[in-house]
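As structure tokens, the structure follows; a few thoughts come after it.
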Amino acid sequence: MEQHQAALKHLFKQEFTKMVAVISKLYGLQHIEIAEDIVTETFLVATETWEHKGIPLNPAAWLYTVAKQKTLQHFRRNKTYTEKVIPRLNLDQEEHEEMAELNFSYRNIKDSQLQMLFAVCTPLIASEAQIGLALRILCGFGIDEIAEAFLSNKETINKRLFRAKEKLRNERIQLELPPEGEISRRLDNVLHIVYLLFSEGYYSKTQNEILRKDFCIEALRLGLMLTEYDKTNLPKTNALIALMCFHASRFNARQIGEEAPVLYEQQDVTLWDQELIHQGIHFLNLSAQGNEITSYHLEARIAYWHSLKQDTREKWENILQLYNQLLLINYSPMVALNRTYALYKANGQHAALIEAEKLKLEHNHFYYLLLGELYKTIDEAKAKSNYENAKALAKTQTERQGIQKKIDQLG
Amino acid sequence: MEQHQAALKHLFKQEFTKMVAVISKLYGLQHIEIAEDIVTETFLVATETWEHKGIPLNPAAWLYTVAKQKTLQHFRRNKTYTEKVIPRLNLDQEEHEEMAELNFSYRNIKDSQLQMLFAVCTPLIASEAQIGLALRILCGFGIDEIAEAFLSNKETINKRLFRAKEKLRNERIQLELPPEGEISRRLDNVLHIVYLLFSEGYYSKTQNEILRKDFCIEALRLGLMLTEYDKTNLPKTNALIALMCFHASRFNARQIGEEAPVLYEQQDVTLWDQELIHQGIHFLNLSAQGNEITSYHLEARIAYWHSLKQDTREKWENILQLYNQLLLINYSPMVALNRTYALYKANGQHAALIEAEKLKLEHNHFYYLLLGELYKTIDEAKAKSNYENAKALAKTQTERQGIQKKIDQLG
Amino acid sequence: MNKNQANEFVFLFRQPALNLSPEGQGELQKKWMDWVGSIAAQGKLASNGIHLAAEGSVLKAGGVVTDGPFVEIREILGGFIVVKADTMDDAITLAHGCPGIDVGGSVEIRTAFA
Amino acid sequence: MNKNQANEFVFLFRQPALNLSPEGQGELQKKWMDWVGSIAAQGKLASNGIHLAAEGSVLKAGGVVTDGPFVEIREILGGFIVVKADTMDDAITLAHGCPGIDVGGSVEIRTAFA
């Protein structure tokens with residue numbers, strides 16, 4: 001019964017995004033909330049009916065049929081809607097005649113979802129709001145799940161989603177692909193949001209491992225969706241997918257029960273998912289076509305080198321050079337820190353210490369962690385004082401405990 | 001009666017753009033053709049009624065009242081529209097209740113027109129189509145007038161406008177200002193179209209002088225409209241207005257009856273419009289605020305120097321330097337030719353000849369005209385052969401005749 | 001080799017320190033603009049480059065820092081522009097007439113790559 | 001003076017022509033990337049500049065063209081980068097460790113203006 005429930009939940013999550021996309025496509029993005037309501041009602045009917053009669057042979061088709069009826073009923077029943085909502089629909093004449101007929105063909109579902117992806121990832125909405133909206137509308141997560149991932153409560157998430165949808169309405173975002181000439185540019189924003197979604201799962205603060213994995217899988221699914229269309233199947237799309245595959249391959253290794261993330265050097269390599277690593281290499285090769293080298297390319301190559309078990313100087317030298325290139329494209333404190341760590345592994349503590357002292361990232365606890373690590377075998381007192389700084393700046397109890405352990409291990 | 005007709009035509013042209021903007025604002029840009037029809041019908045009623053009863057005290061108010069009635073009738077009468085068009089309207093609930101009430105307040109007219117300006121000047125439509133659309137919708141010119149200006153026929157212009165409006169529909173352009181952060185960028189396109197409109201009048205191929213002046217005046221009006229809003233009243237807007245004022249000041253001097261445009265050096269300076277020159281200086285001063293130097297700034301300064309009657313070396317040296325700067329921003333063959341002409345006026349024929357020979361604009365008849373001019377007092381044979389080249393490349397009979405005169409004047 | 005890259009050349013301007021009156025400076029500046037304008041008028045200017053202030057330092061082996069680049073190099077590098085030309089010879093032809101040459105300077109013409 | 005402009009410095013790299021094996025060249029290239037990477041890691045790289053091919057010509061008074069810049073200037077200019085620094089002294093500090101210096105080259109540090 002547990003398992004039965006989980007399967008149902010999975011089915012609903014999957015179909016939620018499809019049905020909301022198709023209904024919104026027909027009635028306009030401004031009525032996305034009605035689309036959500038109709039789909040939720042459909043699930044209620046399904047749950048009740050299936051409990052008595054059993055799950056039908058083709059559950060998706062069953063859901064589509066009910067959703068079509070509900071949609072019709074909804075628009076007929078509500079006189080207010082007929083007067084106030086119907087007048088705002090964006091219908092071509094032909095679409096108008098097909099109004100009663102939601103189109104749940106494979107092609108229309110895919111098209112509507114891709115358009116929904118571009119609509120949600122419009123640069124006109126702040127990326128913070130986009131993440132929540134993407135998790136709900138593009139990935140089908142429940143409000144409770146989103147709240148759990150953000151260590152927040154349902155009320156806050158509901159407010160945030162409400163504002164995001166209001167923004168979609170006010171900015172009159174249309175459910176459509178951008179004009180052809182703009183797709184590559186707009187795709188940059190879509191890829192960015194997909195990567196943020198992935199990171200939200202990969203680096204999430206929640207302890208719910210299944211939920212976090214689901215976030216990563218959904219981000220991957222959206223990335224793969226983009227490869228199904230020539231115009232969006234660009235080298236940078238493949239680079240991002242490669243990057244996500246390589247990261248995801250280490251998902252299990254990063255976790256020991258409910259503990260803090262395992263540092264890369266302490267990971268059990270037998271837990272790395274070789275299937276995902278192979279997928280990553282496949283997409284990495286595809287990404288090498290064309291001249292554009294994006295940060296996804298460089299990050300994917302770095303992740304590739306990390307997927308090799310042997311800790312050779314060649315590996316770290318390559319990682320170092322990739323971080324050097326990444327810094328030329330896009331500086332960030334984390335990239336600067338990772339570059340210095342690669343320098344340490346490639347050229348030793350002394351070379352890295354000189355570089356590390358120059359970074360002066362004085363509000364970053366990872367900076368002091370790195371300094372502590374570099375000083376460990378050179379100057380224990382300095383190592384200790386840096387670890388203490390890191391502990392003072394650390395944001396969670398788990399992190400502070402981890403750092404305390406390091407201090408205790410010193411001489 | 002002639003005069004009465006002209007006054008009516010002027011009134012209708014002015015009110016056409018206002019009423020189309022307001023009606024389109026209410027019913028959505030996709031129904032712009034219905035808006036045009038309603039306004040045209042309104043004018044028909046006005047013509048008939050006013051012929052018998054005389055022109056009312058407030059003709060605009062009279063037109064607005066009839067347009068309101070026509071709009072209501074139109075939407076009530078057409079059952080098809082109620083079913084197919086109304087469902088596509090973009091109305092907020094409040095707007096919906098005010099549906100019967102078109103708002104012809106000063107503020108709403110201005111707002112709707114500014115939004116229409118941004119909608120027509122969307123970068124999603126090719127600038128060629130935008131010019132025609134702008135002339136019709138933003139400036140109220142008749143199809144026959146636009147056809148005359150483009151030396152085309154009504155059918156061709158109608159087709160072009162139809163395609164432009166179809167594009168507005170397909171791209172789902174909304175009647176609204178761009179989001180605040182994008183206004184300055186989108187304004188660049190609006191200014192570009194306004195300048196093209198002005199040039200269409202200033203350099204038009206038609207001999208209808210009144211029509212050409214009207215184009216220039218309308219472009220100036222659109223520019224001034226942009227100064228009424230803080231967000232669009234930027235230094236570059238003022239620079240463009242200054243540029244148009246300086247150019248327009250020479251409009252009368254450029255024409256001798258139906259003849260070809262008078263060359264700058266042969267213009268009767270007493271025909272220059274000093275009022276427009278003063279306006280130009282006013283906006284040139286306003287444009288000097290801020291750090292951005294656009295090509296409008298440089299072109300306006302060049303036009304300012306041209307507005308000074310004295311033909312001093314200082315003037316031409318300044319013009320030369322401004323053309324040098326303009327070339328650093330934006331190369332074009334005409335700017336390169338004008339720069340060489342300024343060099344000739346500042347530093348003499350010999351210096352200019354060396355530069356001119358380098359340009360190698362071998363498909364440009366102005367290039368050979370310039371070479372002919374420079375060789376005139378140095379080498380008559382070379383002057384003649386260059387003029388002959390120019391004549392062979394010239395596109396109109398008038399131009400060829402003008403060049404033949406130059407050849408005849410040689411030795 | 002990529003065609004766009006192959007056709008770009010950098011002009012490096014060297015010139016001894018000049019002691020000019022403000023008028024003389026203005027006159028020289030105008031000549032520079034006329035010369036760069038001439039290249040731009042031919043549609044051959046790729047980038048207007050960066051201008052360098054006269055003051056500078058040179059860092060050499062052993063951490064030796066000398067004030068100003070003048071000590072070792074007679075002609076100070078004052079800036080550069082990037083031009084488009086089919087061949088090195090065409091680029092050299094473009095460089096002719098550079099006003100820096102008349103005041104004792106030189107133009108170094110070099111193929112650029114990204 | 002505009003703050004953004006005041007804080008940009010150009011590093012001009014000069015270096016004698018080297019006769020390196022492909023491995024030696026790769027090694028030197030890596031050192032350069034590490035050094036530029038170090039400046040970028042400090043968030044102080046404003047532009048990665050333009051690289052210059054070794055071949056070149058110098059145009060001087062009287063239309064004299066010499067092949068290659070080597071004749072007059074012992075150290076050939078190989079390229080430049082633009083860095084952000086508060087003062088000239090800070091810029092000189094950033095220039096330290098440039099791998100060109102170890103192979104007989106120098107870095108000239110100059111204030112940039114647009």
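Each chain in the structure tokens gets a letter, A, B and so on, in the order shown; residues start at 1 in every chain, and ligands are counted from 1 in the order they appear.
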
Members of chain D assigned strand (DSSP E or B) by DSSP, as a PyMOL selection string: chain D and resi 8-15+45-47+51-60+64-67+76-84+106-113

Take the residues that were just selected and, keeping N, CA and C atoms, output them as a short mmCIF file (atom, residue, chain, number, x, y, z; two decimals), in the first residue's frame.
data_model
loop_
_atom_site.label_atom_id
_atom_site.label_comp_id
_atom_site.auth_asym_id
_atom_site.auth_seq_id
_atom_site.Cartn_x
_atom_site.Cartn_y
_atom_site.Cartn_z
N GLU D 8 42.13 51.38 -13.75
CA GLU D 8 42.55 50.35 -14.69
C GLU D 8 43.99 50.58 -15.14
N PHE D 9 44.74 49.50 -15.14
CA PHE D 9 46.13 49.56 -15.56
C PHE D 9 46.37 48.53 -16.65
N VAL D 10 47.24 48.88 -17.58
CA VAL D 10 47.59 47.94 -18.64
C VAL D 10 48.94 47.33 -18.32
N PHE D 11 49.04 46.01 -18.41
CA PHE D 11 50.34 45.33 -18.31
C PHE D 11 50.82 45.01 -19.72
N LEU D 12 51.95 45.55 -20.10
CA LEU D 12 52.53 45.25 -21.41
C LEU D 12 53.63 44.23 -21.22
N PHE D 13 53.54 43.15 -21.96
CA PHE D 13 54.50 42.07 -21.78
C PHE D 13 55.57 42.11 -22.86
N ARG D 14 56.83 42.16 -22.43
CA ARG D 14 57.95 42.12 -23.38
C ARG D 14 58.80 40.92 -23.05
N GLN D 15 59.39 40.34 -24.05
CA GLN D 15 60.08 39.08 -23.86
C GLN D 15 60.97 38.86 -25.07
N LEU D 45 41.05 41.07 -12.70
CA LEU D 45 41.29 41.09 -14.15
C LEU D 45 40.16 41.86 -14.83
N ALA D 46 40.50 42.93 -15.55
CA ALA D 46 39.47 43.72 -16.24
C ALA D 46 39.29 43.24 -17.68
N SER D 47 40.37 42.85 -18.34
CA SER D 47 40.27 42.34 -19.71
C SER D 47 41.44 41.42 -20.00
N HIS D 51 46.48 39.09 -27.94
CA HIS D 51 47.81 38.51 -28.06
C HIS D 51 48.38 38.86 -29.42
N LEU D 52 49.67 39.07 -29.49
CA LEU D 52 50.29 39.50 -30.73
C LEU D 52 51.19 38.41 -31.27
N ALA D 53 51.08 38.17 -32.58
CA ALA D 53 52.01 37.24 -33.23
C ALA D 53 53.39 37.86 -33.25
N ALA D 54 54.41 37.02 -33.29
CA ALA D 54 55.79 37.53 -33.19
C ALA D 54 56.16 38.38 -34.41
N GLU D 55 55.71 37.96 -35.61
CA GLU D 55 56.09 38.70 -36.81
C GLU D 55 55.48 40.09 -36.78
N GLY D 56 56.21 41.02 -37.31
CA GLY D 56 55.68 42.36 -37.38
C GLY D 56 56.60 43.27 -38.14
N SER D 57 56.16 44.50 -38.33
CA SER D 57 56.94 45.49 -39.04
C SER D 57 56.90 46.79 -38.25
N VAL D 58 57.94 47.61 -38.44
CA VAL D 58 57.92 48.92 -37.81
C VAL D 58 58.03 49.97 -38.90
N LEU D 59 57.10 50.94 -38.84
CA LEU D 59 57.10 52.04 -39.80
C LEU D 59 57.65 53.27 -39.11
N LYS D 60 58.68 53.90 -39.75
CA LYS D 60 59.29 55.07 -39.12
C LYS D 60 59.34 56.25 -40.09
N VAL D 64 60.32 54.52 -43.75
CA VAL D 64 61.22 53.37 -43.57
C VAL D 64 60.47 52.24 -42.87
N VAL D 65 60.46 51.06 -43.48
CA VAL D 65 59.81 49.91 -42.85
C VAL D 65 60.88 48.88 -42.51
N THR D 66 60.95 48.48 -41.26
CA THR D 66 61.88 47.43 -40.88
C THR D 66 61.09 46.19 -40.55
N ASP D 67 61.64 45.04 -40.91
CA ASP D 67 60.97 43.78 -40.62
C ASP D 67 61.12 43.47 -39.16
N ILE D 76 60.50 41.92 -27.33
CA ILE D 76 59.33 42.09 -28.19
C ILE D 76 58.05 42.13 -27.35
N LEU D 77 57.13 43.03 -27.72
CA LEU D 77 55.85 43.13 -27.03
C LEU D 77 54.96 41.97 -27.47
N GLY D 78 54.54 41.15 -26.51
CA GLY D 78 53.81 39.94 -26.87
C GLY D 78 52.32 40.05 -26.65
N GLY D 79 51.89 41.06 -25.92
CA GLY D 79 50.47 41.20 -25.65
C GLY D 79 50.27 42.03 -24.40
N PHE D 80 49.02 42.10 -23.96
CA PHE D 80 48.75 42.88 -22.77
C PHE D 80 47.50 42.35 -22.09
N ILE D 81 47.35 42.67 -20.84
CA ILE D 81 46.08 42.47 -20.15
C ILE D 81 45.75 43.77 -19.42
N VAL D 82 44.48 43.92 -19.01
CA VAL D 82 44.09 45.10 -18.25
C VAL D 82 43.66 44.63 -16.86
N VAL D 83 44.22 45.25 -15.81
CA VAL D 83 43.89 44.83 -14.44
C VAL D 83 43.26 45.99 -13.69
N LYS D 84 42.53 45.62 -12.62
CA LYS D 84 41.96 46.64 -11.73
C LYS D 84 42.82 46.74 -10.47
N SER D 106 60.03 41.48 -19.41
CA SER D 106 59.64 42.49 -18.44
C SER D 106 58.15 42.79 -18.58
N VAL D 107 57.58 43.40 -17.54
CA VAL D 107 56.20 43.87 -17.59
C VAL D 107 56.22 45.38 -17.43
N GLU D 108 55.63 46.07 -18.37
CA GLU D 108 55.50 47.51 -18.23
C GLU D 108 54.09 47.77 -17.72
N ILE D 109 53.98 48.57 -16.67
CA ILE D 109 52.68 48.83 -16.05
C ILE D 109 52.30 50.27 -16.33
N ARG D 110 51.12 50.47 -16.98
CA ARG D 110 50.74 51.82 -17.38
C ARG D 110 49.29 52.09 -17.03
N THR D 111 49.02 53.31 -16.60
CA THR D 111 47.64 53.71 -16.37
C THR D 111 46.90 53.77 -17.71
N ALA D 112 45.68 53.23 -17.73
CA ALA D 112 44.90 53.23 -18.97
C ALA D 112 43.85 54.32 -18.93
N PHE D 113 43.57 54.94 -20.05
CA PHE D 113 42.34 55.73 -20.14
C PHE D 113 41.69 55.49 -21.50
#

Surrounding residues of segment 89-101 of chain C excluding itself and chain neighbours under 3 positions, 6 Å, only C-alpha atoms, as a list in words: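 The neighbour list is Trp32, Ala85, Gly104, Gly105 and Ser106 of chain C; Lys60 and Ala61 of chain D.
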
Test item: residues at most 8 Å from Leu117 of chain B, only C-alpha atoms, excluding those fewer than 4 positions along its chain, as JSON, numbers by chain: {"B": [113, 121, 134, 138, 190]}

Write the residues you've just listed into a file as a PDB file, in the first residue's frame, and include N, CA, C and O atoms for each of them.
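Result written to part_35.pdb:
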ATOM      1  N   GLN B 113      -0.969  56.440 -26.812  1.00  0.00           N
ATOM      2  CA  GLN B 113      -0.125  56.735 -27.973  1.00  0.00           C
ATOM      3  C   GLN B 113       1.324  56.356 -27.722  1.00  0.00           C
ATOM      4  O   GLN B 113       2.004  55.823 -28.591  1.00  0.00           O
ATOM      5  N   CYS B 121       7.223  50.041 -32.625  1.00  0.00           N
ATOM      6  CA  CYS B 121       8.684  50.019 -32.745  1.00  0.00           C
ATOM      7  C   CYS B 121       9.310  48.825 -32.024  1.00  0.00           C
ATOM      8  O   CYS B 121      10.449  48.906 -31.594  1.00  0.00           O
ATOM      9  N   ALA B 134       3.998  52.874 -38.793  1.00  0.00           N
ATOM     10  CA  ALA B 134       4.124  54.102 -38.010  1.00  0.00           C
ATOM     11  C   ALA B 134       3.429  55.246 -38.727  1.00  0.00           C
ATOM     12  O   ALA B 134       2.703  56.033 -38.107  1.00  0.00           O
ATOM     13  N   LEU B 138       0.605  55.725 -36.211  1.00  0.00           N
ATOM     14  CA  LEU B 138       1.116  56.735 -35.283  1.00  0.00           C
ATOM     15  C   LEU B 138       0.942  58.147 -35.832  1.00  0.00           C
ATOM     16  O   LEU B 138       0.878  59.096 -35.076  1.00  0.00           O
ATOM     17  N   VAL B 190      12.961  52.813 -30.827  1.00  0.00           N
ATOM     18  CA  VAL B 190      11.936  53.827 -31.074  1.00  0.00           C
ATOM     19  C   VAL B 190      12.573  55.055 -31.726  1.00  0.00           C
ATOM     20  O   VAL B 190      12.081  55.564 -32.737  1.00  0.00           O
TER      21      VAL B 190
END

D:Asp86, D:Gly43, D:Val103, D:Asn19 ranked by distance to chain A, top pick (using only C-alpha atoms):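 The shortest atom-to-atom distance to chain A comes from D:Gly43.
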
Contacts of segment 401-403 of chain B within 10 Å, only C-alpha atoms, excl. fewer than 6 positions in-chain, as a list in words: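 Skipping anything fewer than 6 positions along the chain leaves Glu259, Ala260, Leu369, Gly372, Tyr387, Glu388, Asn389, Ala390, Lys391, Ala392, Ala394 and Gln409 of chain B.
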
Write to file, as a short mmCIF file (atom, residue, chain, number, x, y, z; two decimals), in the first residue's frame, the residues of the selection just made, with N, CA, C and O atoms.
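Full text of part-v7.cif as output:
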data_model
loop_
_atom_site.label_atom_id
_atom_site.label_comp_id
_atom_site.auth_asym_id
_atom_site.auth_seq_id
_atom_site.Cartn_x
_atom_site.Cartn_y
_atom_site.Cartn_z
N GLU B 259 12.25 71.26 -58.45
CA GLU B 259 13.59 70.86 -58.84
C GLU B 259 14.23 69.84 -57.88
O GLU B 259 13.68 69.52 -56.83
N ALA B 260 15.39 69.38 -58.25
CA ALA B 260 16.13 68.46 -57.40
C ALA B 260 16.60 69.20 -56.15
O ALA B 260 16.69 70.41 -56.13
N LEU B 369 30.66 61.84 -57.75
CA LEU B 369 30.33 63.27 -57.71
C LEU B 369 31.37 64.02 -56.89
O LEU B 369 31.87 65.09 -57.30
N GLY B 372 34.66 64.17 -58.77
CA GLY B 372 34.53 65.17 -59.83
C GLY B 372 34.72 66.57 -59.27
O GLY B 372 35.48 67.38 -59.81
N TYR B 387 32.57 62.55 -63.24
CA TYR B 387 31.17 62.95 -63.39
C TYR B 387 30.43 61.96 -64.30
O TYR B 387 29.27 61.62 -64.06
N GLU B 388 31.12 61.49 -65.34
CA GLU B 388 30.48 60.51 -66.24
C GLU B 388 30.14 59.23 -65.48
O GLU B 388 29.06 58.65 -65.64
N ASN B 389 31.07 58.80 -64.63
CA ASN B 389 30.80 57.62 -63.79
C ASN B 389 29.58 57.85 -62.91
O ASN B 389 28.72 56.98 -62.76
N ALA B 390 29.54 59.04 -62.33
CA ALA B 390 28.42 59.37 -61.45
C ALA B 390 27.11 59.31 -62.22
O ALA B 390 26.13 58.74 -61.74
N LYS B 391 27.13 59.88 -63.43
CA LYS B 391 25.91 59.91 -64.24
C LYS B 391 25.43 58.50 -64.55
O LYS B 391 24.23 58.19 -64.49
N ALA B 392 26.40 57.65 -64.88
CA ALA B 392 26.05 56.27 -65.23
C ALA B 392 25.41 55.54 -64.04
O ALA B 392 24.55 54.67 -64.21
N ALA B 394 23.82 57.11 -61.43
CA ALA B 394 22.70 57.86 -60.84
C ALA B 394 21.39 57.13 -61.10
O ALA B 394 21.23 56.46 -62.11
N GLN B 409 29.52 72.52 -67.51
CA GLN B 409 30.20 73.70 -66.95
C GLN B 409 31.72 73.57 -66.95
O GLN B 409 32.44 74.55 -66.76
#
